[in-house]
Amino acid sequence: MDTNQTPVVTTDALTKTYGDRVAVDRVSMTVQRGEVYGFLGPNGAGKTTTLRMLLGLIRPTAGMASILGRPAGRPHPDLRVGALIEGPGFHPYLSGRDNLRTVARFRGFTDAEVDRVLERVDLAGRGSDKYKGYSLGMKQRLGVAAALMGDPELIVLDEPTNGLDPAGMADMRALVVDLARGGQTVLLSSHLLAEVQEICDRVGVINSGRLLLESTVAEMRGGSSLRVRATPEPAALAVAMRLAGDDGVRRTPAGLSLDLSADAAPHVTRELVNAGIDVHEITHTERSLEEVFFEMTTATTPEKEPVA
Ligand SMILES: Nc1ncnc2c1ncn2[C@@H]1O[C@H](COP(=O)(O)OP(=O)(O)OP(=O)(O)O)[C@@H](O)[C@H]1O
């Protein structure tokens with residue numbers, strides 16, 4: 001079997017119910033090797049429950065989850081998965097390094113590995129400081145360091161930037177991107193759309209336990225558009241429709257929105273001016289993930305069907 005082609009994570013109709021509450025509802029998702037996959041959804045959507053099933057921390061009610069082709073929760077000895085899912089649970093009066101050494105001893109890693117992961121998360125210089133004196137961002141990075149021991153193929157991070165200040169968030173994002181550049185696969189959950197848009201290759205959008213969409217960030221945003229403010233607007237509309245097609249133009253409060261790429265801007269401007277139209281502004285815009293997400297979640301009324 002060519003493991004490079006095997007998805008790192010696959011779930012098929014993965015379901016978890018608590019009493020009659022369906023926390024995760026037939027989720028089928030795939031995480032490919034080397035990508036940063038963003039599991040995106042609002043609070044209570046079912047992200048943590050899904051990740052806990054993947055890691056074998058809780059049992060699915062139905063469906064299946066596998067990591068590199070093996071059932072989740074019963075990994076092969078070679079299979080390396082690192083996770084930061086529950087709070088890291090470090091000792092406040094031990095240094096960052098000693099906390100990691102405790103974890104390392106328990107998991108069979110050396111002190112050299114502790115130093116390597118401290119370096120990796122940029123905490124080597126502060127490794128001797130007591131954990132309780134760490135900023136939230138440093139605490140979170142120490143948690144990631146623990147997940148990185150043994151150089152896992154898959155790193156699962158549950159809301160890694162939650163509660164961090166902007167600088168802490170930026171550090172964490174840079175770390176995630178850096179891990180992926182080094183060839184590791186990262187599966188992270190987030191309710192922050194801008195963040196997922198910035199660092200992820202692919203996204204799974206979950207709401208009310210259901211996976212609404214799985215695609216690349218670019219596909220999800222559905223291309224780009226040109227926004228044109230020009231007068232008189234009826235004449236501008238006619239030209240815009242000739243250039244972008246009848247279905248390719250929308251009127252918005254900010255002007256006309258044309259389904260065309262940035263390259264088309266000079267041509268559109270020339271055509272408008274040649275038609276005697278005044279062009280006040282022409283800008284290239286991309287839909288934000290946030291706009292797409294709200295369109296998708298408001299369009300979907302989650303019906304709660306009984307789980308088979
Ligand atoms: N042990 C449990 N018992 C009962 N209900 C649970 C349990 N764990 C989760 N739930 C419910 O399942 C749903 C999904 O929760 P989950 O924690 O997976 O969401 P989430 O997307 O991770 O949200 P958050 O970002 O708030 O953690 C919620 O309605 C939650 O209340």
# chains A, B, ... in the order shown; residues from 1 in each chain; ligands from 1

call {"tool": "closest_atom_pairs", "arguments": {"of": "chain A", "to": "ligand 1", "cutoff": "7 Å", "atoms": "only C-alpha atoms and all ligand atoms", "output": "Markdown table"}}
result
| residue | atom | partner | partner_atom_place_in_ligand_line | distance |
| --- | --- | --- | --- | --- |
| A:Tyr18 | CA | ligand 1 | 4 (C) | 5.0 |
| A:Arg21 | CA | ligand 1 | 5 (N) | 6.8 |
| A:Val22 | CA | ligand 1 | 12 (O) | 6.8 |
| A:Ala23 | CA | ligand 1 | 12 (O) | 3.9 |
| A:Val24 | CA | ligand 1 | 14 (C) | 6.8 |
| A:Gly41 | CA | ligand 1 | 21 (O) | 6.1 |
| A:Pro42 | CA | ligand 1 | 21 (O) | 6.0 |
| A:Asn43 | CA | ligand 1 | 26 (O) | 3.5 |
| A:Gly44 | CA | ligand 1 | 19 (O) | 3.4 |
| A:Ala45 | CA | ligand 1 | 21 (O) | 3.6 |
| A:Gly46 | CA | ligand 1 | 18 (O) | 3.2 |
| A:Lys47 | CA | ligand 1 | 21 (O) | 3.7 |
| A:Thr48 | CA | ligand 1 | 22 (O) | 3.6 |
| A:Thr49 | CA | ligand 1 | 18 (O) | 3.7 |
| A:Thr50 | CA | ligand 1 | 18 (O) | 6.3 |
| A:His191 | CA | ligand 1 | 25 (O) | 6.8 |
| A:Gly209 | CA | ligand 1 | 14 (C) | 6.7 |

call {"tool": "write_last_selection", "arguments": {"atoms": "C-alpha atoms", "output": "PDB file, in the first residue's frame"}}
result
ATOM      1  CA  TYR A  18     -25.688  11.719  24.144  1.00  0.00           C
ATOM      2  CA  ARG A  21     -28.806  14.872  21.646  1.00  0.00           C
ATOM      3  CA  VAL A  22     -26.917  14.251  18.402  1.00  0.00           C
ATOM      4  CA  ALA A  23     -23.500  15.838  18.980  1.00  0.00           C
ATOM      5  CA  VAL A  24     -21.938  14.514  15.758  1.00  0.00           C
ATOM      6  CA  GLY A  41     -17.723  25.622  13.230  1.00  0.00           C
ATOM      7  CA  PRO A  42     -19.368  27.644  15.983  1.00  0.00           C
ATOM      8  CA  ASN A  43     -19.346  26.654  19.652  1.00  0.00           C
ATOM      9  CA  GLY A  44     -21.208  23.427  20.245  1.00  0.00           C
ATOM     10  CA  ALA A  45     -21.024  22.386  16.568  1.00  0.00           C
ATOM     11  CA  GLY A  46     -19.422  19.042  17.411  1.00  0.00           C
ATOM     12  CA  LYS A  47     -15.743  19.720  16.669  1.00  0.00           C
ATOM     13  CA  THR A  48     -14.269  18.535  19.976  1.00  0.00           C
ATOM     14  CA  THR A  49     -16.498  15.462  20.048  1.00  0.00           C
ATOM     15  CA  THR A  50     -15.319  14.498  16.549  1.00  0.00           C
ATOM     16  CA  HIS A 191     -14.385  28.920  15.293  1.00  0.00           C
ATOM     17  CA  GLY A 209     -23.137  18.063  14.269  1.00  0.00           C
TER      18      GLY A 209
END

call {"tool": "closest_atom_pairs", "arguments": {"of": "segment 114-195 of chain A", "to": "segment 82-101 of chain A", "cutoff": "9 Å", "atoms": "only C-alpha atoms", "output": "JSON lines"}}
result
{"residue": "A:Val114", "atom": "CA", "partner": "A:Leu100", "partner_atom": "CA", "distance": 6.2}
{"residue": "A:Asp115", "atom": "CA", "partner": "A:Arg97", "partner_atom": "CA", "distance": 7.6}
{"residue": "A:Leu118", "atom": "CA", "partner": "A:Arg97", "partner_atom": "CA", "distance": 7.5}
{"residue": "A:Leu123", "atom": "CA", "partner": "A:Gly96", "partner_atom": "CA", "distance": 8.4}
{"residue": "A:Ala124", "atom": "CA", "partner": "A:Arg97", "partner_atom": "CA", "distance": 8.4}
{"residue": "A:Arg126", "atom": "CA", "partner": "A:Gly96", "partner_atom": "CA", "distance": 7.6}
{"residue": "A:Gly127", "atom": "CA", "partner": "A:Arg97", "partner_atom": "CA", "distance": 4.8}
{"residue": "A:Ser128", "atom": "CA", "partner": "A:Ser95", "partner_atom": "CA", "distance": 5.1}
{"residue": "A:Asp129", "atom": "CA", "partner": "A:Ser95", "partner_atom": "CA", "distance": 5.0}
{"residue": "A:Lys130", "atom": "CA", "partner": "A:Ser95", "partner_atom": "CA", "distance": 3.9}
{"residue": "A:Tyr131", "atom": "CA", "partner": "A:Pro92", "partner_atom": "CA", "distance": 5.0}
{"residue": "A:Lys132", "atom": "CA", "partner": "A:Pro92", "partner_atom": "CA", "distance": 4.5}
{"residue": "A:Gly133", "atom": "CA", "partner": "A:Pro92", "partner_atom": "CA", "distance": 8.2}
{"residue": "A:Tyr134", "atom": "CA", "partner": "A:Gly96", "partner_atom": "CA", "distance": 8.5}
{"residue": "A:Lys139", "atom": "CA", "partner": "A:Pro88", "partner_atom": "CA", "distance": 8.2}
{"residue": "A:Gln140", "atom": "CA", "partner": "A:Pro88", "partner_atom": "CA", "distance": 7.7}
{"residue": "A:Leu142", "atom": "CA", "partner": "A:Gly96", "partner_atom": "CA", "distance": 7.0}
{"residue": "A:Gly143", "atom": "CA", "partner": "A:Pro88", "partner_atom": "CA", "distance": 5.3}
{"residue": "A:Val144", "atom": "CA", "partner": "A:Leu84", "partner_atom": "CA", "distance": 6.2}
{"residue": "A:Ala145", "atom": "CA", "partner": "A:Leu100", "partner_atom": "CA", "distance": 8.0}
{"residue": "A:Ala146", "atom": "CA", "partner": "A:Leu100", "partner_atom": "CA", "distance": 6.4}
{"residue": "A:Ala147", "atom": "CA", "partner": "A:Gly82", "partner_atom": "CA", "distance": 4.3}
{"residue": "A:Leu148", "atom": "CA", "partner": "A:Gly82", "partner_atom": "CA", "distance": 5.9}
{"residue": "A:Met149", "atom": "CA", "partner": "A:Gly82", "partner_atom": "CA", "distance": 7.4}
{"residue": "A:Gly150", "atom": "CA", "partner": "A:Gly82", "partner_atom": "CA", "distance": 8.4}
{"residue": "A:Asp151", "atom": "CA", "partner": "A:Gly82", "partner_atom": "CA", "distance": 8.1}
{"residue": "A:Pro152", "atom": "CA", "partner": "A:Gly82", "partner_atom": "CA", "distance": 5.7}
{"residue": "A:Glu153", "atom": "CA", "partner": "A:Gly82", "partner_atom": "CA", "distance": 7.9}
{"residue": "A:Leu154", "atom": "CA", "partner": "A:Gly82", "partner_atom": "CA", "distance": 6.3}
{"residue": "A:Ile155", "atom": "CA", "partner": "A:Gly82", "partner_atom": "CA", "distance": 4.7}
{"residue": "A:Val156", "atom": "CA", "partner": "A:Ala83", "partner_atom": "CA", "distance": 4.5}
{"residue": "A:Leu157", "atom": "CA", "partner": "A:Leu84", "partner_atom": "CA", "distance": 4.9}
{"residue": "A:Asp158", "atom": "CA", "partner": "A:Ile85", "partner_atom": "CA", "distance": 4.9}
{"residue": "A:Glu159", "atom": "CA", "partner": "A:Ile85", "partner_atom": "CA", "distance": 8.1}
{"residue": "A:Pro160", "atom": "CA", "partner": "A:Leu84", "partner_atom": "CA", "distance": 7.8}

call {"tool": "write_last_selection", "arguments": {"atoms": "N, CA and C atoms", "output": "short mmCIF file (atom, residue, chain, number, x, y, z; two decimals), in the first residue's frame"}}
result
data_model
loop_
_atom_site.label_atom_id
_atom_site.label_comp_id
_atom_site.auth_asym_id
_atom_site.auth_seq_id
_atom_site.Cartn_x
_atom_site.Cartn_y
_atom_site.Cartn_z
N VAL A 114 12.88 16.47 24.65
CA VAL A 114 12.25 17.62 25.33
C VAL A 114 12.88 18.92 24.83
N ASP A 115 14.21 18.93 24.77
CA ASP A 115 14.89 20.16 24.31
C ASP A 115 14.54 20.46 22.86
N LEU A 118 11.01 21.92 22.76
CA LEU A 118 11.00 23.28 23.34
C LEU A 118 11.52 24.29 22.32
N LEU A 123 10.39 28.06 22.80
CA LEU A 123 10.36 28.27 24.25
C LEU A 123 11.68 27.88 24.91
N ALA A 124 12.70 27.57 24.10
CA ALA A 124 13.96 27.08 24.69
C ALA A 124 14.52 28.09 25.69
N ARG A 126 12.96 30.09 27.58
CA ARG A 126 12.13 30.25 28.77
C ARG A 126 11.82 28.91 29.44
N GLY A 127 12.55 27.88 29.00
CA GLY A 127 12.27 26.53 29.48
C GLY A 127 12.46 26.35 30.98
N SER A 128 13.32 27.19 31.60
CA SER A 128 13.60 27.04 33.03
C SER A 128 12.62 27.82 33.89
N ASP A 129 11.80 28.66 33.26
CA ASP A 129 10.82 29.44 34.05
C ASP A 129 9.68 28.55 34.51
N LYS A 130 9.14 28.92 35.67
CA LYS A 130 7.99 28.15 36.18
C LYS A 130 6.79 28.32 35.24
N TYR A 131 6.05 27.23 35.09
CA TYR A 131 4.88 27.22 34.20
C TYR A 131 3.89 28.32 34.60
N LYS A 132 3.72 28.52 35.92
CA LYS A 132 2.69 29.47 36.36
C LYS A 132 3.01 30.91 35.92
N GLY A 133 4.26 31.18 35.60
CA GLY A 133 4.63 32.52 35.14
C GLY A 133 4.49 32.69 33.63
N TYR A 134 4.12 31.65 32.93
CA TYR A 134 3.99 31.72 31.46
C TYR A 134 2.74 32.51 31.07
N LYS A 139 1.85 28.97 27.50
CA LYS A 139 1.26 27.73 28.04
C LYS A 139 0.74 26.86 26.89
N GLN A 140 0.09 27.53 25.94
CA GLN A 140 -0.48 26.81 24.81
C GLN A 140 0.64 26.20 23.95
N LEU A 142 3.55 25.32 25.00
CA LEU A 142 4.12 24.19 25.74
C LEU A 142 3.26 22.94 25.52
N GLY A 143 1.93 23.16 25.46
CA GLY A 143 1.01 22.05 25.17
C GLY A 143 1.29 21.47 23.79
N VAL A 144 1.55 22.35 22.83
CA VAL A 144 1.87 21.88 21.47
C VAL A 144 3.20 21.13 21.50
N ALA A 145 4.15 21.64 22.29
CA ALA A 145 5.46 20.97 22.40
C ALA A 145 5.27 19.53 22.87
N ALA A 146 4.39 19.34 23.85
CA ALA A 146 4.14 17.98 24.35
C ALA A 146 3.56 17.11 23.23
N ALA A 147 2.71 17.72 22.40
CA ALA A 147 2.10 16.98 21.28
C ALA A 147 3.13 16.64 20.21
N LEU A 148 4.21 17.42 20.16
CA LEU A 148 5.21 17.22 19.10
C LEU A 148 6.26 16.17 19.44
N MET A 149 6.24 15.69 20.67
CA MET A 149 7.25 14.69 21.06
C MET A 149 7.14 13.44 20.19
N GLY A 150 8.29 12.97 19.72
CA GLY A 150 8.30 11.77 18.88
C GLY A 150 8.02 12.11 17.43
N ASP A 151 7.94 13.43 17.10
CA ASP A 151 7.78 13.86 15.71
C ASP A 151 6.58 13.18 15.02
N PRO A 152 5.37 13.40 15.55
CA PRO A 152 4.22 12.67 15.00
C PRO A 152 3.89 13.05 13.56
N GLU A 153 3.28 12.12 12.84
CA GLU A 153 2.85 12.41 11.46
C GLU A 153 1.62 13.30 11.44
N LEU A 154 0.77 13.08 12.43
CA LEU A 154 -0.47 13.85 12.51
C LEU A 154 -0.51 14.59 13.84
N ILE A 155 -0.81 15.89 13.76
CA ILE A 155 -0.94 16.68 14.98
C ILE A 155 -2.37 17.22 15.03
N VAL A 156 -3.06 16.91 16.10
CA VAL A 156 -4.45 17.34 16.26
C VAL A 156 -4.49 18.42 17.33
N LEU A 157 -5.00 19.59 16.95
CA LEU A 157 -5.02 20.72 17.89
C LEU A 157 -6.45 21.24 18.00
N ASP A 158 -6.99 21.17 19.19
CA ASP A 158 -8.37 21.64 19.38
C ASP A 158 -8.35 23.11 19.79
N GLU A 159 -8.84 23.96 18.93
CA GLU A 159 -8.90 25.40 19.17
C GLU A 159 -7.57 25.94 19.74
N PRO A 160 -6.48 25.78 18.99
CA PRO A 160 -5.18 26.13 19.56
C PRO A 160 -4.99 27.62 19.86
#

call {"tool": "atom_distance", "arguments": {"atom1": "atom CA of Asp263 of chain A", "atom2": "atom CA of Ala244 of chain A"}}
result
13.0 Å

call {"tool": "closest_atom_pairs", "arguments": {"of": "segment 53-94 of chain A", "to": "segment 4-17 of chain A", "cutoff": "12 Å", "atoms": "only C-alpha atoms", "output": "tab-separated table"}}
result
residue	atom	partner	partner_atom	distance
A:Met53	CA	A:Lys16	CA	8.5
A:Leu54	CA	A:Val9	CA	8.2
A:Leu55	CA	A:Val9	CA	10.5
A:Ile58	CA	A:Lys16	CA	9.1
A:Arg59	CA	A:Lys16	CA	7.9
A:Pro60	CA	A:Lys16	CA	5.2
A:Thr61	CA	A:Lys16	CA	4.8
A:Ala62	CA	A:Thr15	CA	5.0
A:Gly63	CA	A:Leu14	CA	4.2
A:Met64	CA	A:Asp12	CA	5.3
A:Ala65	CA	A:Thr11	CA	4.2
A:Ser66	CA	A:Thr10	CA	5.3
A:Ile67	CA	A:Val9	CA	4.6
A:Leu68	CA	A:Val8	CA	4.6
A:Gly69	CA	A:Thr6	CA	7.2
A:Arg70	CA	A:Val9	CA	9.3
A:Pro71	CA	A:Thr10	CA	9.5
A:Ala72	CA	A:Val9	CA	8.8
A:Pro75	CA	A:Val9	CA	12.0
A:Leu79	CA	A:Val8	CA	10.3
A:Arg80	CA	A:Val8	CA	10.8
A:Val81	CA	A:Val8	CA	10.1

call {"tool": "residues_around", "arguments": {"residues": "Thr269 of chain A", "least_positions_apart": "3", "cutoff": "9 Å", "atoms": "only C-alpha atoms", "output": "PyMOL selection string"}}
result
chain A and resi 228+264-266+272-274+279+282

call {"tool": "write_last_selection", "arguments": {"atoms": "C-alpha atoms", "output": "PDB file, in the first residue's frame"}}
result
ATOM      1  CA  VAL A 228     -17.283  48.802  -9.645  1.00  0.00           C
ATOM      2  CA  ALA A 264     -10.069  42.023 -16.062  1.00  0.00           C
ATOM      3  CA  ALA A 265      -9.980  45.401 -14.253  1.00  0.00           C
ATOM      4  CA  PRO A 266      -8.153  47.421 -16.983  1.00  0.00           C
ATOM      5  CA  LEU A 272     -16.876  51.780 -19.193  1.00  0.00           C
ATOM      6  CA  VAL A 273     -14.933  54.924 -20.081  1.00  0.00           C
ATOM      7  CA  ASN A 274     -15.408  54.285 -23.826  1.00  0.00           C
ATOM      8  CA  VAL A 279     -15.628  55.259 -13.108  1.00  0.00           C
ATOM      9  CA  ILE A 282     -12.868  49.686  -9.200  1.00  0.00           C
TER      10      ILE A 282
END

call {"tool": "residues_around", "arguments": {"residues": "Val36 of chain A", "least_positions_apart": "3", "cutoff": "6 Å", "atoms": "only C-alpha atoms", "output": "JSON, numbers by chain"}}
result
{"A": [186, 187, 200, 201]}

call {"tool": "select_by_dssp", "arguments": {"residues": "segment 187-270 of chain A", "states": "alpha helix (DSSP H)", "output": "count of residues only"}}
result
30

call {"tool": "residues_around", "arguments": {"residues": "Val203 of chain A", "least_positions_apart": "6", "cutoff": "7 Å", "atoms": "only C-alpha atoms", "output": "PDB file with C-alpha atoms, in the first residue's frame"}}
result
ATOM      1  CA  TYR A  37      -7.059  20.945   7.685  1.00  0.00           C
ATOM      2  CA  GLY A  38      -9.341  23.398   9.435  1.00  0.00           C
ATOM      3  CA  PHE A  39     -12.332  21.970  11.205  1.00  0.00           C
ATOM      4  CA  LEU A  40     -14.515  25.016  11.352  1.00  0.00           C
ATOM      5  CA  GLU A 214     -15.462  19.974   2.777  1.00  0.00           C
ATOM      6  CA  SER A 215     -13.310  21.774   0.238  1.00  0.00           C
ATOM      7  CA  THR A 216     -10.243  23.876  -0.317  1.00  0.00           C
ATOM      8  CA  VAL A 217     -10.386  27.391   1.071  1.00  0.00           C
TER       9      VAL A 217
END

call {"tool": "residues_around", "arguments": {"residues": "Thr161 of chain A", "least_positions_apart": "5", "cutoff": "10 Å", "atoms": "only C-alpha atoms", "output": "VMD selection string"}}
result
chain A and resid 136 to 137 140 to 141 166 168 to 173 188 to 192 195

call {"tool": "write_last_selection", "arguments": {"atoms": "C-alpha atoms", "output": "CSV table (one decimal), in the first residue's frame"}}
result
chain,number,residue,atom,x,y,z
A,136,LEU,CA,-1.4,32.0,28.0
A,137,GLY,CA,0.3,31.8,24.6
A,140,GLN,CA,-0.5,26.8,24.8
A,141,ARG,CA,2.8,26.5,23.0
A,166,PRO,CA,-3.3,38.8,18.9
A,168,GLY,CA,-0.1,34.8,20.8
A,169,MET,CA,-2.5,33.9,18.0
A,170,ALA,CA,0.0,35.1,15.4
A,171,ASP,CA,2.8,33.0,17.0
A,172,MET,CA,0.5,29.9,17.1
A,173,ARG,CA,-0.5,30.3,13.5
A,188,LEU,CA,-7.0,21.9,13.9
A,189,SER,CA,-10.4,23.0,15.0
A,190,SER,CA,-11.4,26.7,15.1
A,191,HIS,CA,-14.4,28.9,15.3
A,192,LEU,CA,-12.3,31.7,13.8
A,195,GLU,CA,-7.8,32.2,11.0

call {"tool": "residues_around", "arguments": {"residues": "Gly222 of chain A", "least_positions_apart": "6", "cutoff": "12 Å", "atoms": "only C-alpha atoms", "output": "list in words"}}
result
Ser215, Thr216, Asp259, Leu260, Ser261, Thr285, Glu286, Arg287, Ser288, Leu289, Glu291, Val292 and Phe293 of chain A

call {"tool": "select_by_dssp", "arguments": {"residues": "segment 92-301 of chain A", "states": "strand (DSSP E)", "output": "ChimeraX atom specification"}}
result
/A:154-158,185-190,202-207,210-216,224-231,249-252,255-258,278-286

call {"tool": "atom_distance", "arguments": {"atom1": "atom CA of Asn162 of chain A", "atom2": "atom CA of Ala112 of chain A"}}
result
29.6 Å

call {"tool": "atom_distance", "arguments": {"atom1": "atom CA of Asp122 of chain A", "atom2": "atom CA of Thr185 of chain A"}}
result
19.7 Å

call {"tool": "closest_residue", "arguments": {"among": "A:Arg242, A:Arg227, A:Arg33, A:Arg202", "to": "Ala262 of chain A", "atoms": "only C-alpha atoms"}}
result
A:Arg227
